[in-house]
Every structure is written in structure tokens, then in C-alpha cells.
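Chemist: The structure follows.
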Amino acid sequence: MTTATLDDRLGTTWKKPPLITNPALRWGLFVGAAIYLVLAVTSLDVNWARVAEGMSRGWAFITSFFNPDFTSRGSDIWDGILESIIITITSTVVGILISIPIGLGAARNIAPLPVYLVCRAIVALSRALNEIIVAILLVAIFGFGPLAGFLTLSFATIGFLAKLLAEDIEEMDKVQAEAIRATGSTWLQWINYGVQPQVMPRLIGLSMYRLDINFRESAVLGLVGAGGIGATLNTAFDRYEFDTAAAILLIIIVTVMALEYLSGIIRAKVQ
Amino acid sequence: MPVSTDAQGAKIWQLRNRKQTLIRWAGYLAAVAIFMWCWQRISEATTWFFVWDAPRIAADIGGRAWPPRWSYMDNLWEPLWDTLNMATLGTLLALVMAVPVAFLAARNTTPSAVFIRPVALFIIVATRSINSLIWALLLVAVIGPGVFAGLLAIAFRSIGFCAKLLYEAIEEIDHTQVEAITATGASRWQVMAYGIVPQIMPAFAGISVFRWDINIRESTVLGLVGAGGIGLQLQSSLNTLAWPQVTLILIVILAAVVIGEWVSAKVRGAII
């Protein structure tokens, strides 16, 4: 490029520079992706006759969204949604309460190394395990019901909140914390007046976001017997009662939208 | 001024005045009351005998689940391949659908902010708020069990996520570059290709890899509702109480998730 003079380049059409500059790597990636795609698509065994047969059912489902049936299983839907909300609230509260000490422990600038390693291990474990798998194991151990769902989501909340809280604490302004230290504060006072005010807005925002996630997750825990609306939804699909299923999905969507709107207001207020 | 007087009449500074303090305490009281009521409902729905029995059950399951049955690994390679395909092809399909939705939802590229933008935003919220397991449940009922249903479930679930992040990236682009392309007399599509797309390309690549990583996690459990992949093996092992197989499958899933996260972190590091 540096040797090319203006005269050489006059008359030639400008070309967009490629995203990956190394040509060997670029073509290697292209060819590799193409081979993988061919292999993947050919190994995909689609029963098109079954798909075509299902289209009418799919259409019935889409139309049932315009004619949802809230009443004929009304009490089941109400109980399921209420249980989902209960699981959401309790697991978010307990999850936050547990993740605050773990988040403090997982911040390298506050915690000594052994505590740091233990807390990071807890966070990594909680993040690596899928909620549904945790729910299956907890249902096997604690029996069917909302308690297993509550424990699952509390556990999942810890991994999420503690990690982000720890990162926030690690990025905080040291000067303020040092100023509190210099007044001769105890460790608790130091955390309370030097660290907490700095991370509070983000902690509240993240908690609201997690409340939203927990509600969405609580809707599927019922599939494996951990309580909530999922069991009702599963039954509705099994019976091909698409109008009831559509009603449940609409309630979930509206609740999530309402929660998102609410968390937007709260986050705008604290920040 | 939030100041109170003590017994000697000296003034004491306080953070809040009397009314603010009372309102806060009422708020705390209401929060605790709601939590306790919720806890009571959970407690009523729980068989506490099983809970007190839990340590013994957990030890029992743990004892049966160890050591994992390594020979079962031969049956897992194919479901693992299916799982990878569901995640990858699902992500690709989702991106194909998410790009137009994102352009319709971004305030600076939407053709009509009054009519089309709300529709695009609704698609984003609706696909995002329904979990991929529910999508799988629905698609298994409609088009039958198999990898294809899982692939579509992953794709539909990812539309909202990808489109939301992408349209936020589009709204944050540098307008002067778009203006420069427009000033050359470029058509609407040329402005998009030369003014907007190069600016969002890094964000787009990052979002794709990030979502692919999440989809690897999600596709491992879709088999529980019959949508193919390694979850099917997990379900059948659980149903037959073959705990050593369950342990092996969980180890494999954990390994897949960790490798997926590693690849995604490497690729994102290379892009950004």
C-alpha cells in the first residue's frame, strides 16, 4: 500500500478492505465454515412430511393468539402464575442477600486470596450449571414443588449477581474508600461508607434485571416439576389446547414487559 | 432540616427527617411482609418430610452416581454433534432473521417510527421473553420431535436477543460517516452497505459469538422436551435412574459449556 502512488491507483475501482486482513486465514475460515455447514446440514435429518403435516397445527397456534382462552383453565393459570411470582420474589431476595457477601469475597481488592478463590469457585460453579439441570437434581433431592424451584433460582442468582458485583467493586474509586479508612473506621464501616455507596446504583439495577430473568426462568422450571406456570403450560401443549397455551404465553410476555418497564423507571431513578 | 434534639437539648444531625424515616420503615415492613407471605406459600406447598430426608437422599444418589460410566461415551458423540449443530445453525438462522428486525427497530434506520418500529420492538420483546425450552415445547408439538425443532427453538429465542443488541449498536453509530456517504449521492442501500454496515460489523460479530456461546448452553437441555441433542440421553438416563450415565452426561455438558465459553472469549478477543 505504501509504495502505490496516486497514478497507479487512478482508474482502478476502490474496494472495501476485508474484515480479516490475512488472506490465508480468511480463506481458511471460509472453506472450513463451508465444509462444516455442508456436514451439519446433511446430518440434519428433517422429516418434511411431518413438518408439512404440522403446518396446520402451527397455523392453529398462531390464530389462537388472537383468540386466547383465559377462562376454561383459569384457576390453573392463576395458581401457576402466582406460584411463579412467589418463586421469583423469594429467590431474588435470598439470592441477593447471599450474593452480596460472596461478591465482596470475590473482589480481589477487598478479599484476601483464599477467600477470593473460594468465592470465585462458587461463582464459576453456579454459572456453569444450567438452571434446568440444577432444577432436575434438586427435584430429585427435595421432591416436587416450588421449594426446588426457589433453591434453583437462588443458586443461579448468586453466580450472576456476585460476579457482576465483584467486577464493579474491583473497578471502584480507591480514593473514596481510602478516605474512609483514614478516619480510622472499622472494616464494616469501611465497607458501609467507602464501598457500598459506590456500587449501590449498579447493584439495584442488576437486581431488577435479575428479577426479570428469574421470572422468565421460573416459567420453565415447572417442566421438570419445580413449580410455577411451566407445568400448566406443558399440560396445555400435551393436550393440544393451543388457546390456553397462547393465553399463558401472553401473560408471560405482558409480565416481562411490565417488569422491564418498571426496572427502567427504577434504574433511571437511582442513577 | 433533618435535625433532632437529644435529652440535653443539643442538636443531632440525621440523614433523613422524621417523615422520610417513617416512609422508609413502612417500605421495609411491606417488603418483609411480602417476602414472609411468599415464603409461607412455598412452605405450604412443600412436603417437609422429604426436605429433612434430603441429606440422606443426596448422599444416596451421590453414592450411586459415582464413578461415571465412561463406556457410555460411545453413545454420546452423535448427540453431541447434534447439539453443536442446533446451536450453530440456530444462531445463523437467528442472525438472518434478526438483522432486518434490528434495522426496522433502530430509530435512525426504520422506515416508519410510528407503524413499523413498534412491531419490530414487539417481535424483540416477545421472542426474548419466551424461554428456548418453551419454544422447543411448542415446536415439538407443531413439527414433531427431533433436531430440527430444537434448531428452530434456538433460532426463535435468539432473534430478540441479537436484534436488541444490534439495534442499540445501530443507534449509536457515527452520523458523520453516514452523511459523507449520502453526500456522494449514494442510494439508500448503498448508504447502508458503506455507511452503516462497516460501523456495526465488529458489534455484529461480537454479538453472534456471544449468542452462540449461550446457545451451546441452552441446546444441551432442549432434549428434555424431545428436541434432540444430548438432553435426550440425559432424559432417558434420568427416567431409568441410571445415575452413572447421568454423571457422565453432566461432565460432558460441563466440558462443552467450558469449551464454548473459551472459544467465544478467544474470538471476541480477536475481533475487539
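Residues are named by chain letter and number: chains run A, B, ... in the order of the C-alpha cells, numbers start at 1 in each chain, and ligands are numbered from 1 in the order shown.
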Near stretch 98-105 of chain A, counting only C-alpha atoms, which residues have an atom at most 10 Å away, once you skip same-chain residues fewer than 3 positions from it, shown as number ranges by chain?
Modeler: A: 92-95, 108-120, 122-123, 154-155, 157-170, 191, 195, 203
Chemist: Could those selected residues go to a file with N, CA and C atoms, as an mmCIF file, in the first residue's frame?
Modeler:
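What follows is the written file out02.cif:
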data_model
loop_
_atom_site.group_PDB
_atom_site.id
_atom_site.type_symbol
_atom_site.label_atom_id
_atom_site.label_comp_id
_atom_site.auth_asym_id
_atom_site.auth_seq_id
_atom_site.Cartn_x
_atom_site.Cartn_y
_atom_site.Cartn_z
ATOM 1 N N THR A 92 -35.163 -14.152 44.275
ATOM 2 C CA THR A 92 -34.370 -12.946 44.029
ATOM 3 C C THR A 92 -33.877 -12.361 45.347
ATOM 4 N N VAL A 93 -34.789 -12.267 46.343
ATOM 5 C CA VAL A 93 -34.396 -11.680 47.637
ATOM 6 C C VAL A 93 -33.275 -12.507 48.267
ATOM 7 N N VAL A 94 -33.489 -13.817 48.375
ATOM 8 C CA VAL A 94 -32.480 -14.663 49.019
ATOM 9 C C VAL A 94 -31.191 -14.659 48.207
ATOM 10 N N GLY A 95 -31.328 -14.709 46.871
ATOM 11 C CA GLY A 95 -30.137 -14.702 46.015
ATOM 12 C C GLY A 95 -29.308 -13.441 46.220
ATOM 13 N N ARG A 108 -11.032 -8.848 44.238
ATOM 14 C CA ARG A 108 -9.634 -9.054 44.628
ATOM 15 C C ARG A 108 -9.096 -7.917 45.491
ATOM 16 N N ASN A 109 -9.643 -6.696 45.325
ATOM 17 C CA ASN A 109 -9.101 -5.569 46.082
ATOM 18 C C ASN A 109 -9.639 -5.487 47.505
ATOM 19 N N ILE A 110 -10.579 -6.373 47.857
ATOM 20 C CA ILE A 110 -11.123 -6.358 49.216
ATOM 21 C C ILE A 110 -10.749 -7.635 49.957
ATOM 22 N N ALA A 111 -10.857 -8.772 49.252
ATOM 23 C CA ALA A 111 -10.744 -10.053 49.941
ATOM 24 C C ALA A 111 -9.311 -10.583 49.892
ATOM 25 N N PRO A 112 -8.870 -11.289 50.939
ATOM 26 C CA PRO A 112 -7.593 -11.997 50.873
ATOM 27 C C PRO A 112 -7.684 -13.187 49.920
ATOM 28 N N LEU A 113 -6.541 -13.658 49.446
ATOM 29 C CA LEU A 113 -6.515 -14.647 48.364
ATOM 30 C C LEU A 113 -7.342 -15.915 48.630
ATOM 31 N N PRO A 114 -7.253 -16.572 49.812
ATOM 32 C CA PRO A 114 -8.036 -17.801 49.995
ATOM 33 C C PRO A 114 -9.536 -17.562 49.861
ATOM 34 N N VAL A 115 -10.027 -16.460 50.495
ATOM 35 C CA VAL A 115 -11.457 -16.141 50.401
ATOM 36 C C VAL A 115 -11.830 -15.880 48.947
ATOM 37 N N TYR A 116 -10.964 -15.137 48.244
ATOM 38 C CA TYR A 116 -11.196 -14.811 46.839
ATOM 39 C C TYR A 116 -11.380 -16.082 46.017
ATOM 40 N N LEU A 117 -10.465 -17.052 46.217
ATOM 41 C CA LEU A 117 -10.522 -18.278 45.409
ATOM 42 C C LEU A 117 -11.798 -19.061 45.696
ATOM 43 N N VAL A 118 -12.174 -19.167 46.989
ATOM 44 C CA VAL A 118 -13.392 -19.914 47.329
ATOM 45 C C VAL A 118 -14.608 -19.252 46.685
ATOM 46 N N CYS A 119 -14.709 -17.920 46.817
ATOM 47 C CA CYS A 119 -15.880 -17.229 46.281
ATOM 48 C C CYS A 119 -15.927 -17.315 44.755
ATOM 49 N N ARG A 120 -14.755 -17.189 44.100
ATOM 50 C CA ARG A 120 -14.733 -17.314 42.644
ATOM 51 C C ARG A 120 -15.147 -18.703 42.208
ATOM 52 N N ILE A 122 -17.277 -20.669 43.785
ATOM 53 C CA ILE A 122 -18.740 -20.751 43.908
ATOM 54 C C ILE A 122 -19.393 -20.088 42.697
ATOM 55 N N VAL A 123 -18.892 -18.894 42.328
ATOM 56 C CA VAL A 123 -19.462 -18.167 41.190
ATOM 57 C C VAL A 123 -19.333 -18.996 39.913
ATOM 58 N N SER A 154 -32.316 -19.248 43.351
ATOM 59 C CA SER A 154 -31.413 -18.562 44.286
ATOM 60 C C SER A 154 -29.969 -18.864 43.922
ATOM 61 N N PHE A 155 -29.714 -20.139 43.630
ATOM 62 C CA PHE A 155 -28.358 -20.559 43.281
ATOM 63 C C PHE A 155 -27.886 -19.861 42.001
ATOM 64 N N THR A 157 -28.991 -17.032 40.822
ATOM 65 C CA THR A 157 -28.845 -15.597 41.075
ATOM 66 C C THR A 157 -27.476 -15.287 41.667
ATOM 67 N N ILE A 158 -26.994 -16.180 42.549
ATOM 68 C CA ILE A 158 -25.698 -15.952 43.201
ATOM 69 C C ILE A 158 -24.598 -15.812 42.151
ATOM 70 N N GLY A 159 -24.552 -16.739 41.190
ATOM 71 C CA GLY A 159 -23.490 -16.687 40.191
ATOM 72 C C GLY A 159 -23.522 -15.407 39.394
ATOM 73 N N PHE A 160 -24.715 -15.007 38.999
ATOM 74 C CA PHE A 160 -24.882 -13.814 38.164
ATOM 75 C C PHE A 160 -24.526 -12.547 38.934
ATOM 76 N N LEU A 161 -25.214 -12.335 40.079
ATOM 77 C CA LEU A 161 -25.053 -11.071 40.804
ATOM 78 C C LEU A 161 -23.678 -10.946 41.434
ATOM 79 N N ALA A 162 -23.183 -12.044 42.051
ATOM 80 C CA ALA A 162 -21.902 -11.955 42.755
ATOM 81 C C ALA A 162 -20.794 -11.618 41.773
ATOM 82 N N LYS A 163 -20.835 -12.204 40.572
ATOM 83 C CA LYS A 163 -19.784 -11.940 39.591
ATOM 84 C C LYS A 163 -19.783 -10.468 39.181
ATOM 85 N N LEU A 164 -20.989 -9.956 38.817
ATOM 86 C CA LEU A 164 -21.041 -8.569 38.347
ATOM 87 C C LEU A 164 -20.751 -7.585 39.468
ATOM 88 N N LEU A 165 -21.220 -7.917 40.697
ATOM 89 C CA LEU A 165 -20.942 -7.042 41.840
ATOM 90 C C LEU A 165 -19.441 -7.000 42.109
ATOM 91 N N ALA A 166 -18.794 -8.162 42.060
ATOM 92 C CA ALA A 166 -17.354 -8.220 42.318
ATOM 93 C C ALA A 166 -16.605 -7.388 41.288
ATOM 94 N N GLU A 167 -17.018 -7.488 40.005
ATOM 95 C CA GLU A 167 -16.346 -6.700 38.972
ATOM 96 C C GLU A 167 -16.522 -5.215 39.219
ATOM 97 N N ASP A 168 -17.727 -4.843 39.685
ATOM 98 C CA ASP A 168 -17.996 -3.436 39.961
ATOM 99 C C ASP A 168 -17.130 -2.940 41.119
ATOM 100 N N ILE A 169 -16.992 -3.776 42.166
ATOM 101 C CA ILE A 169 -16.182 -3.374 43.321
ATOM 102 C C ILE A 169 -14.718 -3.238 42.890
ATOM 103 N N GLU A 170 -14.266 -4.152 42.016
ATOM 104 C CA GLU A 170 -12.876 -4.076 41.588
ATOM 105 C C GLU A 170 -12.588 -2.805 40.798
ATOM 106 N N ILE A 191 -16.639 -0.784 54.565
ATOM 107 C CA ILE A 191 -17.498 -1.315 53.504
ATOM 108 C C ILE A 191 -18.748 -0.454 53.368
ATOM 109 N N VAL A 195 -17.371 1.693 50.303
ATOM 110 C CA VAL A 195 -17.598 0.856 49.126
ATOM 111 C C VAL A 195 -19.059 0.863 48.700
ATOM 112 N N LEU A 203 -25.897 -2.105 41.760
ATOM 113 C CA LEU A 203 -26.463 -3.287 42.418
ATOM 114 C C LEU A 203 -27.983 -3.292 42.285
#
Chemist: Among stretch 29-255 of chain B, which ones does DSSP assign to helix (DSSP H, G or I) (computed from the backbone)? Answer as a PyMOL selection string.
Modeler: chain B and resi 29-44+48-52+54-65+70-75+77-105+116-129+132-143+147-171+175-183+188-219+222-225+230-239+243-255
Chemist: Taking only C-alpha atoms into account, report as a list in words which residues of chain A lie within 6 Å of chain B.
Modeler: Ala40, Val51, Gly54, Arg57, Gly58, Ile86, Ile141, Phe142, Pro146 and Ile253 of chain A
Chemist: Would you write out those residues with N, CA and C atoms, as a PDB file, in the first residue's frame?
Modeler:
ATOM      1  N   ALA A  40     -23.073 -30.303   8.569  1.00  0.00           N
ATOM      2  CA  ALA A  40     -24.125 -30.108   9.554  1.00  0.00           C
ATOM      3  C   ALA A  40     -25.502 -30.231   8.922  1.00  0.00           C
ATOM      4  N   VAL A  51     -43.237 -32.212   9.015  1.00  0.00           N
ATOM      5  CA  VAL A  51     -43.261 -30.752   9.138  1.00  0.00           C
ATOM      6  C   VAL A  51     -44.471 -30.182   8.413  1.00  0.00           C
ATOM      7  N   GLY A  54     -47.495 -30.661  10.261  1.00  0.00           N
ATOM      8  CA  GLY A  54     -47.595 -29.800  11.435  1.00  0.00           C
ATOM      9  C   GLY A  54     -47.977 -28.369  11.118  1.00  0.00           C
ATOM     10  N   ARG A  57     -51.255 -27.241  12.296  1.00  0.00           N
ATOM     11  CA  ARG A  57     -51.279 -27.069  13.749  1.00  0.00           C
ATOM     12  C   ARG A  57     -50.571 -25.767  14.132  1.00  0.00           C
ATOM     13  N   GLY A  58     -49.477 -25.470  13.406  1.00  0.00           N
ATOM     14  CA  GLY A  58     -48.764 -24.219  13.666  1.00  0.00           C
ATOM     15  C   GLY A  58     -49.660 -23.026  13.386  1.00  0.00           C
ATOM     16  N   ILE A  86     -44.237 -15.958  43.184  1.00  0.00           N
ATOM     17  CA  ILE A  86     -43.720 -16.217  44.535  1.00  0.00           C
ATOM     18  C   ILE A  86     -42.289 -16.731  44.467  1.00  0.00           C
ATOM     19  N   ILE A 141     -33.720 -34.447  44.796  1.00  0.00           N
ATOM     20  CA  ILE A 141     -33.299 -34.465  46.200  1.00  0.00           C
ATOM     21  C   ILE A 141     -34.407 -33.982  47.131  1.00  0.00           C
ATOM     22  N   PHE A 142     -35.072 -32.857  46.781  1.00  0.00           N
ATOM     23  CA  PHE A 142     -36.029 -32.244  47.705  1.00  0.00           C
ATOM     24  C   PHE A 142     -37.481 -32.580  47.375  1.00  0.00           C
ATOM     25  N   PRO A 146     -42.484 -26.024  44.690  1.00  0.00           N
ATOM     26  CA  PRO A 146     -41.806 -24.742  44.481  1.00  0.00           C
ATOM     27  C   PRO A 146     -40.499 -24.600  45.254  1.00  0.00           C
ATOM     28  N   ILE A 253     -45.491 -12.779  28.483  1.00  0.00           N
ATOM     29  CA  ILE A 253     -44.914 -11.668  27.722  1.00  0.00           C
ATOM     30  C   ILE A 253     -45.285 -10.334  28.365  1.00  0.00           C
TER      31      ILE A 253
END
Chemist: Neighbours of stretch 209-213 of chain B within 8 Å (only C-alpha atoms; same-chain residues fewer than 3 positions away dropped), as an mmCIF file with N, CA and C atoms, in the first residue's frame?
Modeler:
data_model
loop_
_atom_site.group_PDB
_atom_site.id
_atom_site.type_symbol
_atom_site.label_atom_id
_atom_site.label_comp_id
_atom_site.auth_asym_id
_atom_site.auth_seq_id
_atom_site.Cartn_x
_atom_site.Cartn_y
_atom_site.Cartn_z
ATOM 1 N N ALA B 87 -26.993 -25.512 18.021
ATOM 2 C CA ALA B 87 -26.536 -24.198 18.493
ATOM 3 C C ALA B 87 -26.025 -23.366 17.330
ATOM 4 N N THR B 88 -25.198 -23.963 16.446
ATOM 5 C CA THR B 88 -24.561 -23.176 15.391
ATOM 6 C C THR B 88 -25.560 -22.769 14.319
ATOM 7 N N THR B 91 -28.079 -20.326 15.629
ATOM 8 C CA THR B 91 -27.562 -18.962 15.726
ATOM 9 C C THR B 91 -27.541 -18.304 14.352
ATOM 10 N N SER B 158 -33.298 -16.639 19.898
ATOM 11 C CA SER B 158 -32.149 -15.739 19.765
ATOM 12 C C SER B 158 -32.472 -14.459 18.999
ATOM 13 N N PHE B 161 -32.778 -11.353 21.301
ATOM 14 C CA PHE B 161 -31.503 -11.015 21.926
ATOM 15 C C PHE B 161 -30.584 -10.324 20.927
ATOM 16 N N CYS B 162 -30.382 -10.985 19.761
ATOM 17 C CA CYS B 162 -29.454 -10.433 18.770
ATOM 18 C C CYS B 162 -29.977 -9.105 18.237
ATOM 19 N N ALA B 205 -20.295 -9.169 14.878
ATOM 20 C CA ALA B 205 -19.507 -10.387 15.085
ATOM 21 C C ALA B 205 -19.471 -10.756 16.571
ATOM 22 N N GLY B 206 -19.287 -9.736 17.429
ATOM 23 C CA GLY B 206 -19.251 -10.000 18.856
ATOM 24 C C GLY B 206 -20.554 -10.591 19.359
ATOM 25 N N ILE B 216 -25.036 -22.796 23.005
ATOM 26 C CA ILE B 216 -24.456 -24.097 23.340
ATOM 27 C C ILE B 216 -25.025 -24.572 24.679
ATOM 28 N N ARG B 217 -25.043 -23.639 25.664
ATOM 29 C CA ARG B 217 -25.614 -23.995 26.965
ATOM 30 C C ARG B 217 -27.054 -24.440 26.841
ATOM 31 N N VAL B 257 -19.762 -26.689 27.651
ATOM 32 C CA VAL B 257 -20.019 -25.290 28.002
ATOM 33 C C VAL B 257 -18.708 -24.538 28.193
ATOM 34 N N GLY B 260 -17.052 -24.022 24.840
ATOM 35 C CA GLY B 260 -17.772 -22.986 24.108
ATOM 36 C C GLY B 260 -17.408 -21.597 24.611
ATOM 37 N N GLU B 261 -17.364 -21.444 25.933
ATOM 38 C CA GLU B 261 -17.045 -20.147 26.517
ATOM 39 C C GLU B 261 -15.622 -19.730 26.145
ATOM 40 N N SER B 264 -15.519 -18.670 22.484
ATOM 41 C CA SER B 264 -16.181 -17.377 22.311
ATOM 42 C C SER B 264 -15.306 -16.243 22.844
ATOM 43 N N VAL B 267 -12.453 -15.672 20.310
ATOM 44 C CA VAL B 267 -12.868 -14.993 19.082
ATOM 45 C C VAL B 267 -13.184 -13.531 19.361
ATOM 46 N N ARG B 268 -13.899 -13.260 20.476
ATOM 47 C CA ARG B 268 -14.232 -11.879 20.789
ATOM 48 C C ARG B 268 -12.966 -11.072 21.055
#
Chemist: I'd like the interatomic distance between atom CA of A:Gly194 and atom CA of A:Ile180, to a tenth of an Å.
Modeler: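 So the answer is 5.7 Å.
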Chemist: Which residues are close to A:Leu221, i.e. within 10 Å by only C-alpha atoms, leaving aside same-chain residues fewer than 4 positions away? Reply as a list in words.
Modeler: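 After dropping sequence-adjacent residues, the list is Ser84, Glu131, Ile132, Ile133, Ala135, Ile136, Gly145, Pro146, Ala148, Gly149, Phe150, Thr152, Leu153, Arg216, Glu217, Gly225, Ala226, Gly227, Gly228, Ile229, Gly230 and Ala231 of chain A; Leu133 of chain B.
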Chemist: Taking C-alpha atoms for each residue, export the selection above as a PDB file, in the first residue's frame.
Modeler:
ATOM      1  CA  SER A  84     -44.093 -18.363  39.535  1.00  0.00           C
ATOM      2  CA  GLU A 131     -30.785 -23.810  35.634  1.00  0.00           C
ATOM      3  CA  ILE A 132     -32.788 -26.720  34.309  1.00  0.00           C
ATOM      4  CA  ILE A 133     -30.101 -29.255  35.211  1.00  0.00           C
ATOM      5  CA  ALA A 135     -33.628 -27.976  38.969  1.00  0.00           C
ATOM      6  CA  ILE A 136     -33.663 -31.657  37.932  1.00  0.00           C
ATOM      7  CA  GLY A 145     -42.785 -28.392  44.372  1.00  0.00           C
ATOM      8  CA  PRO A 146     -41.806 -24.742  44.481  1.00  0.00           C
ATOM      9  CA  ALA A 148     -36.811 -26.883  44.426  1.00  0.00           C
ATOM     10  CA  GLY A 149     -37.531 -24.004  42.032  1.00  0.00           C
ATOM     11  CA  PHE A 150     -36.790 -21.443  44.737  1.00  0.00           C
ATOM     12  CA  THR A 152     -32.518 -23.397  41.862  1.00  0.00           C
ATOM     13  CA  LEU A 153     -33.101 -19.747  41.076  1.00  0.00           C
ATOM     14  CA  ARG A 216     -38.658 -15.834  32.780  1.00  0.00           C
ATOM     15  CA  GLU A 217     -36.756 -18.827  34.148  1.00  0.00           C
ATOM     16  CA  GLY A 225     -41.512 -30.451  38.374  1.00  0.00           C
ATOM     17  CA  ALA A 226     -40.001 -27.497  40.210  1.00  0.00           C
ATOM     18  CA  GLY A 227     -43.211 -25.490  40.491  1.00  0.00           C
ATOM     19  CA  GLY A 228     -44.611 -22.493  38.632  1.00  0.00           C
ATOM     20  CA  ILE A 229     -46.558 -21.915  35.417  1.00  0.00           C
ATOM     21  CA  GLY A 230     -44.411 -24.315  33.347  1.00  0.00           C
ATOM     22  CA  ALA A 231     -46.379 -27.376  34.420  1.00  0.00           C
TER      23      ALA A 231
ATOM     24  CA  LEU B 133     -37.378 -24.620  26.313  1.00  0.00           C
TER      25      LEU B 133
END
Chemist: Record the distance separating atom CA of A:Thr235 and atom CA of B:Ile124, expressed in Å with one decimal.
Modeler: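 Rounded to one decimal, the two atoms are 26.6 Å apart.
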Chemist: Tell me, as number ranges by chain, which residues lie within 10 Å of stretch 265-271 of chain A, counting only C-alpha atoms; anything in the same chain fewer than 4 positions away does not count.
Modeler: A: 200-206, 208-209, 259-261
Chemist: What is the distance between atom CA of B:Val197 and atom CA of B:Ile170, in Å to one decimal?
Modeler: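 That distance, rounded to one decimal, is 8.7 Å.
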Chemist: Taking only stretch 4-181 of chain B into account, list the residues labelled strand (DSSP E) by DSSP (computed from the backbone), as a list in words.
Modeler: Ser4, Thr5, Lys11, Ile12 and Trp13 of chain B
